[in-house]
$ cat query_12.cif   # mmCIF, C-alpha atoms and all ligand atoms
data_run
loop_
_atom_site.label_atom_id
_atom_site.label_comp_id
_atom_site.auth_asym_id
_atom_site.auth_seq_id
_atom_site.Cartn_x
_atom_site.Cartn_y
_atom_site.Cartn_z
CA MET A 1 67.67 -18.57 -82.86
CA LYS A 2 65.17 -17.62 -80.21
CA GLU A 3 63.12 -14.54 -80.91
CA LYS A 4 64.51 -11.89 -78.65
CA SER A 5 61.36 -10.39 -77.26
CA ARG A 6 59.64 -13.60 -76.21
CA ILE A 7 59.53 -14.70 -72.59
CA TYR A 8 59.49 -18.45 -72.17
CA LEU A 9 57.81 -19.59 -68.96
CA ASP A 10 56.90 -23.15 -69.96
CA ASN A 11 59.94 -25.07 -68.75
CA ALA A 12 57.86 -27.94 -67.37
CA ALA A 13 56.80 -28.67 -70.97
CA SER A 14 60.32 -28.50 -72.36
CA THR A 15 63.55 -26.58 -71.88
CA PRO A 16 66.06 -24.93 -74.22
CA ILE A 17 69.05 -27.12 -74.95
CA ASP A 18 72.23 -26.07 -73.12
CA SER A 19 74.97 -25.05 -75.58
CA ALA A 20 77.44 -27.19 -73.64
CA VAL A 21 75.09 -30.11 -74.40
CA SER A 22 74.74 -29.42 -78.13
CA ASP A 23 78.54 -28.93 -78.34
CA VAL A 24 79.26 -32.49 -77.21
CA MET A 25 76.53 -33.90 -79.49
CA ILE A 26 77.84 -32.48 -82.76
CA PRO A 27 80.90 -34.77 -83.17
CA TYR A 28 78.53 -37.73 -82.81
CA ILE A 29 76.36 -36.43 -85.62
CA PHE A 30 79.13 -35.84 -88.16
CA ASP A 31 82.28 -37.75 -87.17
CA HIS A 32 81.50 -40.61 -84.85
CA PHE A 33 78.33 -41.79 -86.53
CA GLY A 34 79.11 -45.50 -86.28
CA ASN A 35 76.67 -48.07 -85.00
CA PRO A 36 77.66 -49.07 -81.46
CA SER A 37 77.11 -52.69 -82.47
CA SER A 38 79.84 -52.45 -85.15
CA LEU A 39 83.24 -53.81 -84.28
CA HIS A 40 85.35 -51.20 -86.07
CA GLU A 41 86.91 -48.10 -84.57
CA ASN A 42 83.95 -45.82 -85.40
CA GLY A 43 81.62 -48.28 -83.71
CA ARG A 44 83.85 -48.63 -80.69
CA LYS A 45 83.98 -44.85 -80.27
CA THR A 46 80.21 -44.69 -80.00
CA THR A 47 80.13 -47.65 -77.61
CA LEU A 48 82.52 -45.77 -75.37
CA ALA A 49 80.35 -42.64 -75.58
CA LEU A 50 77.29 -44.65 -74.52
CA SER A 51 79.11 -45.98 -71.45
CA LYS A 52 80.20 -42.51 -70.47
CA ALA A 53 76.68 -41.13 -70.81
CA ARG A 54 75.21 -44.08 -68.91
CA PHE A 55 77.65 -43.30 -66.11
CA HIS A 56 76.59 -39.64 -65.87
CA VAL A 57 72.88 -40.48 -65.99
CA SER A 58 73.30 -43.10 -63.27
CA LYS A 59 75.25 -40.64 -61.08
CA LEU A 60 72.45 -38.07 -61.08
CA ILE A 61 70.00 -40.59 -59.56
CA GLY A 62 72.33 -42.69 -57.43
CA ALA A 63 72.04 -45.81 -59.59
CA LYS A 64 74.66 -48.10 -61.11
CA PRO A 65 75.35 -47.66 -64.84
CA ASN A 66 74.08 -51.17 -65.62
CA GLU A 67 70.71 -50.27 -64.12
CA ILE A 68 70.10 -47.54 -66.74
CA TYR A 69 68.14 -48.40 -69.92
CA PHE A 70 67.92 -45.69 -72.57
CA THR A 71 64.51 -45.09 -74.12
CA SER A 72 62.91 -42.42 -76.33
CA GLY A 73 61.84 -40.37 -73.30
CA GLY A 74 59.67 -40.22 -70.21
CA THR A 75 56.62 -41.57 -72.00
CA GLU A 76 58.36 -44.68 -73.25
CA SER A 77 60.08 -45.23 -69.89
CA ASN A 78 56.69 -45.18 -68.17
CA ASN A 79 55.25 -47.58 -70.76
CA MET A 80 58.26 -49.88 -70.48
CA ALA A 81 58.07 -49.99 -66.68
CA LEU A 82 54.33 -50.59 -66.43
CA ILE A 83 53.73 -52.81 -69.44
CA GLY A 84 57.07 -54.59 -69.15
CA TYR A 85 56.55 -55.48 -65.53
CA SER A 86 52.87 -56.37 -65.97
CA LYS A 87 53.77 -58.84 -68.71
CA ALA A 88 56.34 -60.45 -66.44
CA VAL A 89 53.79 -60.65 -63.61
CA LYS A 90 51.22 -62.33 -65.88
CA LYS A 91 53.70 -65.11 -66.50
CA LEU A 92 55.31 -65.51 -63.10
CA LYS A 93 52.68 -64.65 -60.49
CA PRO A 94 49.30 -64.12 -62.16
CA GLU A 95 47.50 -63.90 -58.81
CA TYR A 96 48.97 -60.38 -58.46
CA ASP A 97 46.42 -58.62 -60.63
CA ARG A 98 46.16 -55.09 -59.21
CA ILE A 99 48.11 -51.93 -60.02
CA LEU A 100 48.01 -48.86 -57.78
CA VAL A 101 48.56 -45.35 -59.17
CA SER A 102 47.69 -41.82 -58.07
CA GLU A 103 44.92 -39.75 -59.63
CA ILE A 104 47.40 -37.03 -60.56
CA GLU A 105 49.79 -39.05 -62.72
CA HIS A 106 50.95 -37.90 -66.14
CA GLU A 107 48.92 -39.16 -69.14
CA SER A 108 51.73 -41.56 -70.04
CA ILE A 109 50.92 -43.44 -66.83
CA LEU A 110 47.14 -43.02 -66.89
CA GLU A 111 46.73 -44.10 -70.52
CA THR A 112 49.08 -47.03 -69.95
CA VAL A 113 47.11 -48.36 -66.97
CA ARG A 114 43.91 -47.97 -68.99
CA TYR A 115 45.51 -50.22 -71.58
CA LEU A 116 46.63 -52.72 -68.92
CA GLU A 117 43.11 -52.81 -67.54
CA LYS A 118 41.48 -53.30 -70.91
CA ASP A 119 43.87 -55.68 -72.64
CA LEU A 120 45.80 -57.41 -69.87
CA ARG A 121 42.92 -57.55 -67.37
CA PHE A 122 44.63 -55.84 -64.47
CA ALA A 123 42.48 -54.05 -61.89
CA ILE A 124 43.58 -50.45 -61.40
CA ASP A 125 43.23 -48.58 -58.10
CA PHE A 126 43.54 -44.80 -57.93
CA ILE A 127 44.92 -43.06 -54.85
CA LYS A 128 43.05 -39.91 -53.82
CA THR A 129 44.70 -36.51 -53.54
CA THR A 130 44.64 -33.96 -50.74
CA ARG A 131 43.44 -30.42 -51.45
CA ASP A 132 47.08 -29.31 -51.19
CA GLY A 133 48.09 -31.55 -54.08
CA PHE A 134 49.69 -34.55 -52.39
CA VAL A 135 48.72 -38.19 -52.61
CA ASP A 136 46.55 -39.06 -49.63
CA LEU A 137 48.50 -41.55 -47.51
CA LYS A 138 45.35 -42.89 -45.88
CA SER A 139 43.83 -43.64 -49.26
CA TYR A 140 47.13 -45.22 -50.33
CA SER A 141 47.29 -47.48 -47.25
CA ASP A 142 43.67 -48.52 -47.73
CA LEU A 143 44.14 -49.39 -51.39
CA LEU A 144 47.46 -51.19 -51.05
CA SER A 145 46.54 -54.87 -51.22
CA PRO A 146 48.41 -58.19 -51.17
CA LYS A 147 47.35 -58.49 -54.82
CA THR A 148 49.01 -55.21 -55.82
CA CYS A 149 51.94 -56.09 -58.08
CA LEU A 150 53.03 -52.54 -58.77
CA VAL A 151 52.66 -49.05 -57.32
CA SER A 152 53.41 -46.12 -59.60
CA VAL A 153 53.41 -42.62 -58.14
CA MET A 154 55.28 -39.63 -59.55
CA LEU A 155 58.00 -37.90 -57.54
CA VAL A 156 56.85 -34.41 -58.56
CA ASN A 157 53.60 -33.43 -60.21
CA ASN A 158 53.99 -31.69 -63.56
CA GLU A 159 51.03 -29.31 -63.23
CA ILE A 160 51.45 -28.00 -59.68
CA GLY A 161 55.03 -28.96 -58.80
CA THR A 162 54.19 -30.66 -55.51
CA ILE A 163 56.79 -33.14 -54.25
CA GLN A 164 54.97 -36.36 -53.40
CA PRO A 165 55.60 -38.20 -50.10
CA ILE A 166 57.32 -41.11 -51.84
CA GLN A 167 59.52 -41.89 -48.85
CA SER A 168 56.54 -42.47 -46.57
CA MET A 169 54.80 -44.49 -49.27
CA VAL A 170 57.80 -46.77 -49.72
CA GLU A 171 58.06 -47.25 -45.96
CA ILE A 172 54.39 -48.17 -45.69
CA LEU A 173 54.88 -50.67 -48.50
CA LYS A 174 57.98 -52.25 -46.96
CA LYS A 175 56.11 -52.84 -43.68
CA ARG A 176 53.48 -54.86 -45.50
CA ASN A 177 55.96 -57.42 -46.79
CA TYR A 178 54.05 -57.77 -50.03
CA ASP A 179 55.87 -58.72 -53.20
CA THR A 180 55.03 -55.32 -54.70
CA LEU A 181 57.34 -53.12 -56.76
CA PHE A 182 57.47 -49.34 -56.50
CA HIS A 183 57.90 -47.34 -59.71
CA SER A 184 58.08 -43.58 -59.88
CA ASP A 185 57.81 -41.11 -62.74
CA GLY A 186 60.75 -38.88 -61.89
CA VAL A 187 60.62 -36.68 -64.99
CA GLN A 188 59.71 -33.43 -63.23
CA ALA A 189 61.89 -34.18 -60.24
CA LEU A 190 65.15 -34.73 -62.10
CA GLY A 191 67.50 -31.82 -61.44
CA LYS A 192 64.95 -30.19 -59.12
CA ILE A 193 65.27 -32.37 -56.03
CA PRO A 194 68.07 -34.75 -55.03
CA ILE A 195 67.27 -38.29 -56.15
CA ASP A 196 68.98 -41.38 -54.79
CA VAL A 197 67.17 -44.51 -55.95
CA ARG A 198 69.07 -46.74 -53.56
CA GLN A 199 68.44 -44.64 -50.49
CA MET A 200 64.82 -44.09 -51.56
CA LYS A 201 64.42 -47.83 -52.20
CA LEU A 202 62.84 -47.32 -55.60
CA ASP A 203 62.55 -50.33 -57.91
CA MET A 204 62.08 -48.37 -61.13
CA LEU A 205 62.34 -44.69 -62.06
CA SER A 206 61.52 -42.91 -65.33
CA ILE A 207 63.47 -39.83 -66.41
CA SER A 208 63.64 -37.65 -69.51
CA SER A 209 66.32 -35.47 -71.08
CA HIS A 210 64.41 -32.53 -72.54
CA LYS A 211 63.13 -31.30 -69.19
CA ILE A 212 66.75 -30.72 -68.05
CA ASN A 213 68.13 -28.81 -71.03
CA GLY A 214 69.00 -31.92 -73.01
CA PRO A 215 67.74 -33.06 -76.42
CA LYS A 216 64.17 -34.30 -76.98
CA GLY A 217 63.32 -37.91 -77.74
CA ILE A 218 65.68 -39.45 -75.23
CA GLY A 219 65.20 -40.65 -71.68
CA ALA A 220 65.91 -43.58 -69.46
CA LEU A 221 64.36 -46.14 -67.18
CA TYR A 222 66.22 -47.16 -64.05
CA ILE A 223 65.52 -50.78 -63.14
CA LYS A 224 67.00 -52.07 -59.92
CA ARG A 225 69.33 -55.01 -60.48
CA GLY A 226 67.58 -58.32 -60.10
CA ILE A 227 64.17 -57.13 -61.24
CA CYS A 228 62.91 -58.85 -64.36
CA ILE A 229 60.64 -57.16 -66.84
CA GLU A 230 59.62 -58.16 -70.36
CA PRO A 231 60.64 -55.96 -73.30
CA ILE A 232 58.03 -53.94 -75.13
CA VAL A 233 60.33 -53.46 -78.16
CA TYR A 234 61.88 -56.56 -79.75
CA GLY A 235 64.83 -56.82 -82.12
CA GLY A 236 68.61 -56.81 -82.05
CA GLY A 237 68.94 -57.02 -78.29
CA GLN A 238 70.33 -53.56 -77.50
CA GLU A 239 70.07 -52.16 -73.96
CA MET A 240 70.70 -55.55 -72.39
CA SER A 241 67.91 -57.01 -74.54
CA LEU A 242 65.24 -54.85 -72.93
CA ARG A 243 64.99 -52.12 -75.56
CA SER A 244 66.09 -53.14 -79.04
CA GLY A 245 66.93 -50.66 -81.77
CA THR A 246 70.16 -48.87 -82.71
CA GLU A 247 70.98 -46.50 -79.89
CA ASN A 248 70.22 -42.81 -80.39
CA VAL A 249 73.91 -42.10 -79.84
CA TYR A 250 74.13 -38.31 -80.13
CA SER A 251 71.02 -37.78 -78.04
CA ILE A 252 72.30 -40.18 -75.40
CA VAL A 253 75.59 -38.26 -75.38
CA GLY A 254 73.63 -35.01 -74.93
CA PHE A 255 71.48 -36.49 -72.16
CA GLY A 256 74.61 -37.67 -70.36
CA LYS A 257 76.11 -34.19 -70.57
CA ALA A 258 72.90 -32.57 -69.32
CA CYS A 259 72.93 -34.93 -66.31
CA GLU A 260 76.58 -34.13 -65.62
CA ILE A 261 75.83 -30.40 -65.72
CA TRP A 262 72.77 -30.66 -63.45
CA LYS A 263 74.65 -32.77 -60.94
CA ASN A 264 77.02 -29.83 -60.48
CA LYS A 265 74.65 -26.89 -60.74
CA MET A 266 71.50 -28.26 -59.12
CA ASN A 267 71.66 -26.50 -55.75
CA GLN A 268 72.83 -23.18 -57.06
CA SER A 269 70.46 -23.12 -60.01
CA ASN A 270 67.43 -24.09 -57.96
CA SER A 271 68.03 -21.39 -55.38
CA VAL A 272 68.17 -18.77 -58.14
CA VAL A 273 64.92 -20.09 -59.61
CA ARG A 274 63.37 -20.23 -56.13
CA GLU A 275 63.86 -16.46 -55.83
CA LEU A 276 62.12 -15.92 -59.17
CA GLN A 277 59.25 -18.12 -58.01
CA LYS A 278 58.85 -16.13 -54.77
CA TYR A 279 58.95 -12.87 -56.67
CA MET A 280 56.25 -13.92 -59.09
CA ILE A 281 53.96 -15.39 -56.44
CA ASN A 282 54.27 -12.35 -54.17
CA ARG A 283 53.56 -9.84 -56.87
CA VAL A 284 50.65 -11.72 -58.42
CA MET A 285 48.98 -12.52 -55.10
CA ASN A 286 49.38 -8.93 -53.90
CA GLU A 287 48.54 -7.08 -57.07
CA ILE A 288 45.97 -9.18 -58.93
CA PRO A 289 42.67 -9.49 -57.09
CA GLY A 290 40.87 -12.84 -57.23
CA SER A 291 44.04 -14.89 -57.70
CA ARG A 292 44.78 -18.16 -55.97
CA ILE A 293 47.74 -20.45 -56.05
CA ASN A 294 47.02 -24.11 -56.80
CA GLY A 295 48.89 -26.73 -54.81
CA SER A 296 50.86 -26.31 -51.61
CA LEU A 297 53.70 -23.80 -51.41
CA GLN A 298 55.43 -26.18 -49.03
CA ASN A 299 57.15 -29.19 -50.58
CA ARG A 300 56.95 -27.71 -54.03
CA ILE A 301 59.78 -27.56 -56.56
CA SER A 302 61.34 -24.18 -57.23
CA ASN A 303 60.18 -23.64 -60.79
CA ASN A 304 56.42 -24.20 -60.69
CA VAL A 305 53.77 -21.51 -60.29
CA ASN A 306 50.14 -22.46 -60.92
CA PHE A 307 47.45 -19.80 -60.50
CA SER A 308 43.69 -19.58 -60.92
CA PHE A 309 42.16 -16.19 -61.63
CA LYS A 310 38.53 -15.61 -60.72
CA GLY A 311 36.25 -15.14 -63.70
CA ILE A 312 39.04 -15.68 -66.23
CA ASN A 313 39.26 -18.44 -68.79
CA GLY A 314 42.76 -19.94 -68.71
CA GLU A 315 42.82 -20.80 -72.42
CA ASN A 316 41.85 -17.27 -73.43
CA LEU A 317 44.42 -15.86 -71.05
CA LEU A 318 47.07 -18.14 -72.53
CA VAL A 319 46.32 -17.00 -76.07
CA LYS A 320 46.35 -13.34 -75.06
CA LEU A 321 49.65 -13.69 -73.19
CA ASP A 322 51.11 -15.39 -76.24
CA GLU A 323 50.16 -12.35 -78.33
CA TYR A 324 52.26 -10.30 -75.92
CA GLY A 325 55.17 -12.75 -76.25
CA ILE A 326 54.67 -14.59 -72.98
CA GLU A 327 54.64 -18.35 -73.19
CA ALA A 328 52.88 -20.32 -70.47
CA SER A 329 50.58 -23.33 -70.30
CA THR A 330 47.21 -24.36 -68.97
CA GLY A 331 48.72 -27.33 -67.18
CA SER A 332 50.07 -30.25 -69.06
CA ALA A 333 51.39 -29.60 -72.57
CA CYS A 334 50.59 -33.12 -73.66
CA SER A 335 46.93 -32.79 -72.76
CA SER A 336 46.57 -29.49 -74.62
CA ASN A 337 46.00 -31.66 -77.68
CA LYS A 338 42.86 -33.02 -76.13
CA LYS A 339 40.73 -29.94 -76.27
CA LYS A 340 38.19 -29.14 -73.61
CA GLN A 341 39.45 -31.62 -71.07
CA ALA A 342 39.60 -30.02 -67.66
CA SER A 343 42.80 -30.73 -65.78
CA HIS A 344 42.48 -34.12 -64.06
CA VAL A 345 45.04 -32.92 -61.52
CA LEU A 346 43.14 -29.82 -60.38
CA LYS A 347 39.93 -31.85 -60.45
CA SER A 348 41.51 -34.40 -58.13
CA LEU A 349 42.45 -31.59 -55.72
CA GLY A 350 38.74 -30.82 -55.49
CA LEU A 351 38.84 -27.44 -57.20
CA SER A 352 35.61 -26.02 -58.59
CA TYR A 353 35.00 -25.93 -62.33
CA ASP A 354 35.62 -22.16 -62.36
CA GLU A 355 38.89 -22.52 -60.49
CA ILE A 356 40.01 -25.18 -62.94
CA SER A 357 39.04 -23.28 -66.06
CA GLY A 358 40.74 -20.15 -64.72
CA SER A 359 44.05 -21.87 -64.17
CA ILE A 360 47.39 -21.24 -65.79
CA ARG A 361 50.85 -22.67 -65.21
CA PHE A 362 54.10 -20.73 -65.38
CA SER A 363 57.18 -22.90 -65.14
CA LEU A 364 60.48 -21.13 -64.72
CA GLY A 365 63.97 -22.05 -65.85
CA SER A 366 67.49 -21.06 -64.93
CA GLN A 367 67.66 -19.02 -68.14
CA ASN A 368 64.82 -16.73 -66.97
CA THR A 369 65.65 -13.34 -65.47
CA LEU A 370 64.00 -11.10 -62.90
CA ASN A 371 63.50 -8.56 -65.64
CA GLU A 372 61.53 -11.09 -67.71
CA LEU A 373 59.29 -11.79 -64.75
CA GLU A 374 58.70 -8.09 -64.15
CA VAL A 375 57.49 -7.79 -67.72
CA ALA A 376 55.42 -10.97 -67.45
CA VAL A 377 53.66 -9.83 -64.26
CA LYS A 378 52.88 -6.44 -65.76
CA VAL A 379 51.38 -7.97 -68.89
CA LEU A 380 49.46 -10.51 -66.81
CA LYS A 381 48.00 -7.72 -64.67
CA ASP A 382 47.00 -5.66 -67.68
CA VAL A 383 45.48 -8.56 -69.59
CA ILE A 384 43.43 -9.79 -66.63
CA HIS A 385 42.28 -6.25 -65.92
CA GLU A 386 41.25 -5.84 -69.56
CA PHE A 387 39.38 -9.18 -69.59
CA ARG A 388 37.48 -8.19 -66.47
CA GLU A 389 36.64 -4.72 -67.83
CA THR A 390 35.16 -6.13 -71.01
CA ASN A 391 33.04 -8.70 -69.26
C1 LIG B 401 57.13 -34.49 -69.68
C2 LIG B 401 56.68 -35.57 -68.78
C3 LIG B 401 56.62 -36.90 -69.22
C4 LIG B 401 56.88 -37.28 -70.64
O1 LIG B 401 58.23 -37.22 -70.99
P1 LIG B 401 58.63 -37.20 -72.54
O2 LIG B 401 60.12 -37.33 -72.52
O3 LIG B 401 58.17 -35.87 -73.06
O4 LIG B 401 57.96 -38.34 -73.19
C5 LIG B 401 56.25 -37.86 -68.32
N1 LIG B 401 55.96 -37.55 -67.05
C6 LIG B 401 56.01 -36.29 -66.58
C7 LIG B 401 55.69 -36.02 -65.16
C8 LIG B 401 56.36 -35.25 -67.43
O5 LIG B 401 56.39 -34.00 -66.98
#

$ encode --input "query_12.cif" --output "structure tokens"
Amino acid sequence: MKEKSRIYLDNAASTPIDSAVSDVMIPYIFDHFGNPSSLHENGRKTTLALSKARFHVSKLIGAKPNEIYFTSGGTESNNMALIGYSKAVKKLKPEYDRILVSEIEHESILETVRYLEKDLRFAIDFIKTTRDGFVDLKSYSDLLSPKTCLVSVMLVNNEIGTIQPIQSMVEILKKRNYDTLFHSDGVQALGKIPIDVRQMKLDMLSISSHKINGPKGIGALYIKRGICIEPIVYGGGQEMSLRSGTENVYSIVGFGKACEIWKNKMNQSNSVVRELQKYMINRVMNEIPGSRINGSLQNRISNNVNFSFKGINGENLLVKLDEYGIEASTGSACSSNKKKQASHVLKSLGLSYDEISGSIRFSLGSQNTLNELEVAVKVLKDVIHEFRETN
């Protein structure tokens, strides 16, 4: 059970599981525990559950069920897309030796391209970012080359919530007539903005369950029909031979349910969260001197608020807020492990060192209330005031 007094404002790192999601998972933990590869009734039940979940996941992104490959989450989906396709390229058209990504990708993309550069000898190009937090289309056009086998740019940035101009990027690519695929990390976009892979002409898309109130450790990669990639996990041939290993049935069932729920509640839920976002931004900008908002307020998802406070250290602020029961983040949860690394996203926006070190991210969820935000703003005001007094 969640401690009552705590206020969770870190929904970009993970979200609480929806009780309607855990409800449908439980029978697959205790009763229908069969291996989907088994031919008996218990096995067949789980096979059926997988198909149903695959259907709901595909619906949320406008794909066909047979274009959905379940993985262990966003990280693995990104690895599978980039490494899997690069391995296929090495075999089939080795003259395509460049990969193009943005500077503000998630670590699961950046670390993967570092690996591809080092071990598979691909050349990696990095697209510059505007001060507002969008990929720079001029830089993108300049870097896009006939040797680029793959572009990977996220739909929504996880630190500042900016929605990237993927549509324009795809159009620019199509005009070139290169044999280049477009992959997108859609983890932060899922449930926040409408996604239609067919209409958007995406070749691959990574998504994850635990950012949309589903279980952790499960996600999917959409691969457009006809595109061939090599597996990165070998074995019994599950997931149409692209991702072997007994399927994580109850998590897949939960992920499917979460997608079904978000398909229905997306518009309504996001407009509620949008009001919370406005409230928080207005109050902080008006009442806390020396505050700035990082990333554009236009083309930004409803749940992200990223501030910098003058003269404040974000890490210290985070720890202090936590003492008062308010849970936020200094950007990306995954990179919090790597101490002392300034946010590569804010750096790419061209922020000063002080602006970066004074930054903090609040990410809202549909479970948050106006009352919680009132409390959070008050504590934030008091803590920043106190820090400034004692300095
Ligand atoms: C959370 C996140 C991931 C990683 O997803 P996991 O399921 O936690 O592995 C990848 N990309 C972005 C943009 C994310 O926010």

$ atom_distance --input "query_12.cif" --atom1 "CA of Asn157 (chain A)" --atom2 "CA of Ala189 (chain A)"
8.3 Å

$ residues_near_ligand --input "query_12.cif" --ligand "ligand LIG 401 (chain B)" --cutoff "7 Å" --atoms "only C-alpha atoms and all ligand atoms" --output "PyMOL selection string"
chain A and resi 12-13+72-76+106+108+154+156-158+185-188+208-211+216-219

$ closest_residue --input "query_12.cif" --among "A:Ser38, A:Thr180, A:Asn306, A:Ser251" --to "Val345 (chain A)" --atoms "only C-alpha atoms"
A:Asn306

$ atom_distance --input "query_12.cif" --atom1 "CA of Glu117 (chain A)" --atom2 "CA of Tyr140 (chain A)"
19.2 Å

$ residues_near_point --input "query_12.cif" --point "(35.9, -25.4, -59.4)" --cutoff "12 Å" --atoms "only C-alpha atoms" --output "VMD selection string"
chain A and resid 292 294 308 to 311 342 to 344 346 to 359

$ residues_around --input "query_12.cif" --residues "Asn79 (chain A)" --least-positions-apart "6" --cutoff "10 Å" --atoms "all atoms listed in the file" --output "JSON list (two decimals) with C-alpha atoms, keeping the file's coordinate frame"
[["chain", "number", "residue", "atom", "x", "y", "z"],
["A", 85, "TYR", "CA", 56.55, -55.48, -65.53],
["A", 108, "SER", "CA", 51.73, -41.56, -70.04],
["A", 109, "ILE", "CA", 50.92, -43.44, -66.83],
["A", 111, "GLU", "CA", 46.73, -44.10, -70.52],
["A", 112, "THR", "CA", 49.08, -47.03, -69.95],
["A", 113, "VAL", "CA", 47.11, -48.36, -66.97],
["A", 206, "SER", "CA", 61.52, -42.91, -65.33],
["A", 221, "LEU", "CA", 64.36, -46.14, -67.18],
["A", 232, "ILE", "CA", 58.03, -53.94, -75.13]]

$ closest_residue --input "query_12.cif" --among "A:Gly325, A:Pro289, A:Gly214, A:Gly235" --to "Ser19 (chain A)" --atoms "all atoms listed in the file"
A:Gly214

$ residues_around --input "query_12.cif" --residues "Ile172 (chain A)" --least-positions-apart "4" --cutoff "10 Å" --atoms "all atoms listed in the file" --output "PyMOL selection string"
chain A and resi 137+140-141+144+166-168+176-177

$ write_last_selection --input "query_12.cif" --atoms "C-alpha atoms" --output "PDB file, keeping the file's coordinate frame"
ATOM      1  CA  LEU A 137      48.500 -41.550 -47.510  1.00  0.00           C
ATOM      2  CA  TYR A 140      47.130 -45.220 -50.330  1.00  0.00           C
ATOM      3  CA  SER A 141      47.290 -47.480 -47.250  1.00  0.00           C
ATOM      4  CA  LEU A 144      47.460 -51.190 -51.050  1.00  0.00           C
ATOM      5  CA  ILE A 166      57.320 -41.110 -51.840  1.00  0.00           C
ATOM      6  CA  GLN A 167      59.520 -41.890 -48.850  1.00  0.00           C
ATOM      7  CA  SER A 168      56.540 -42.470 -46.570  1.00  0.00           C
ATOM      8  CA  ARG A 176      53.480 -54.860 -45.500  1.00  0.00           C
ATOM      9  CA  ASN A 177      55.960 -57.420 -46.790  1.00  0.00           C
TER      10      ASN A 177
END

$ closest_residue --input "query_12.cif" --among "A:Ala258, A:Met280, A:Glu41, A:Ile360" --to "Val375 (chain A)" --atoms "all atoms listed in the file"
A:Met280

$ atom_distance --input "query_12.cif" --atom1 "CA of Gln367 (chain A)" --atom2 "CA of Arg274 (chain A)"
12.8 Å

$ residues_around --input "query_12.cif" --residues "Ile212 (chain A)" --least-positions-apart "4" --cutoff "12 Å" --atoms "only C-alpha atoms" --output "number ranges by chain"
A: 11-18, 21, 57, 60, 186-192, 207-208, 216, 218-219, 254-263, 265-266, 269, 364-367

$ write_last_selection --input "query_12.cif" --atoms "C-alpha atoms" --output "mmCIF file, in the frame of the given file"
data_model
loop_
_atom_site.group_PDB
_atom_site.id
_atom_site.type_symbol
_atom_site.label_atom_id
_atom_site.label_comp_id
_atom_site.auth_asym_id
_atom_site.auth_seq_id
_atom_site.Cartn_x
_atom_site.Cartn_y
_atom_site.Cartn_z
ATOM 1 C CA ASN A 11 59.940 -25.070 -68.750
ATOM 2 C CA ALA A 12 57.860 -27.940 -67.370
ATOM 3 C CA ALA A 13 56.800 -28.670 -70.970
ATOM 4 C CA SER A 14 60.320 -28.500 -72.360
ATOM 5 C CA THR A 15 63.550 -26.580 -71.880
ATOM 6 C CA PRO A 16 66.060 -24.930 -74.220
ATOM 7 C CA ILE A 17 69.050 -27.120 -74.950
ATOM 8 C CA ASP A 18 72.230 -26.070 -73.120
ATOM 9 C CA VAL A 21 75.090 -30.110 -74.400
ATOM 10 C CA VAL A 57 72.880 -40.480 -65.990
ATOM 11 C CA LEU A 60 72.450 -38.070 -61.080
ATOM 12 C CA GLY A 186 60.750 -38.880 -61.890
ATOM 13 C CA VAL A 187 60.620 -36.680 -64.990
ATOM 14 C CA GLN A 188 59.710 -33.430 -63.230
ATOM 15 C CA ALA A 189 61.890 -34.180 -60.240
ATOM 16 C CA LEU A 190 65.150 -34.730 -62.100
ATOM 17 C CA GLY A 191 67.500 -31.820 -61.440
ATOM 18 C CA LYS A 192 64.950 -30.190 -59.120
ATOM 19 C CA ILE A 207 63.470 -39.830 -66.410
ATOM 20 C CA SER A 208 63.640 -37.650 -69.510
ATOM 21 C CA LYS A 216 64.170 -34.300 -76.980
ATOM 22 C CA ILE A 218 65.680 -39.450 -75.230
ATOM 23 C CA GLY A 219 65.200 -40.650 -71.680
ATOM 24 C CA GLY A 254 73.630 -35.010 -74.930
ATOM 25 C CA PHE A 255 71.480 -36.490 -72.160
ATOM 26 C CA GLY A 256 74.610 -37.670 -70.360
ATOM 27 C CA LYS A 257 76.110 -34.190 -70.570
ATOM 28 C CA ALA A 258 72.900 -32.570 -69.320
ATOM 29 C CA CYS A 259 72.930 -34.930 -66.310
ATOM 30 C CA GLU A 260 76.580 -34.130 -65.620
ATOM 31 C CA ILE A 261 75.830 -30.400 -65.720
ATOM 32 C CA TRP A 262 72.770 -30.660 -63.450
ATOM 33 C CA LYS A 263 74.650 -32.770 -60.940
ATOM 34 C CA LYS A 265 74.650 -26.890 -60.740
ATOM 35 C CA MET A 266 71.500 -28.260 -59.120
ATOM 36 C CA SER A 269 70.460 -23.120 -60.010
ATOM 37 C CA LEU A 364 60.480 -21.130 -64.720
ATOM 38 C CA GLY A 365 63.970 -22.050 -65.850
ATOM 39 C CA SER A 366 67.490 -21.060 -64.930
ATOM 40 C CA GLN A 367 67.660 -19.020 -68.140
#

$ residues_around --input "query_12.cif" --residues "Met169 (chain A)" --least-positions-apart "2" --cutoff "12 Å" --atoms "all atoms listed in the file" --output "JSON, numbers by chain"
{"A": [100, 101, 102, 127, 134, 135, 136, 137, 138, 139, 140, 141, 142, 143, 144, 151, 152, 153, 154, 155, 164, 165, 166, 167, 171, 172, 173, 174, 175, 176, 181, 182, 183, 184, 200, 201, 202]}

$ residues_around --input "query_12.cif" --residues "Arg300 (chain A)" --least-positions-apart "2" --cutoff "6 Å" --atoms "only C-alpha atoms" --output "MDAnalysis selection string"
chainID A and resid 161:163 297:298

$ axis_aligned_box --input "query_12.cif" --around "region 359-363 of chain A" --padding-each-side "4 Å" --output "JSON"
{"center_x": 50.6, "center_y": -21.8, "center_z": -65.0, "size_x": 21.1, "size_y": 10.2, "size_z": 9.6}
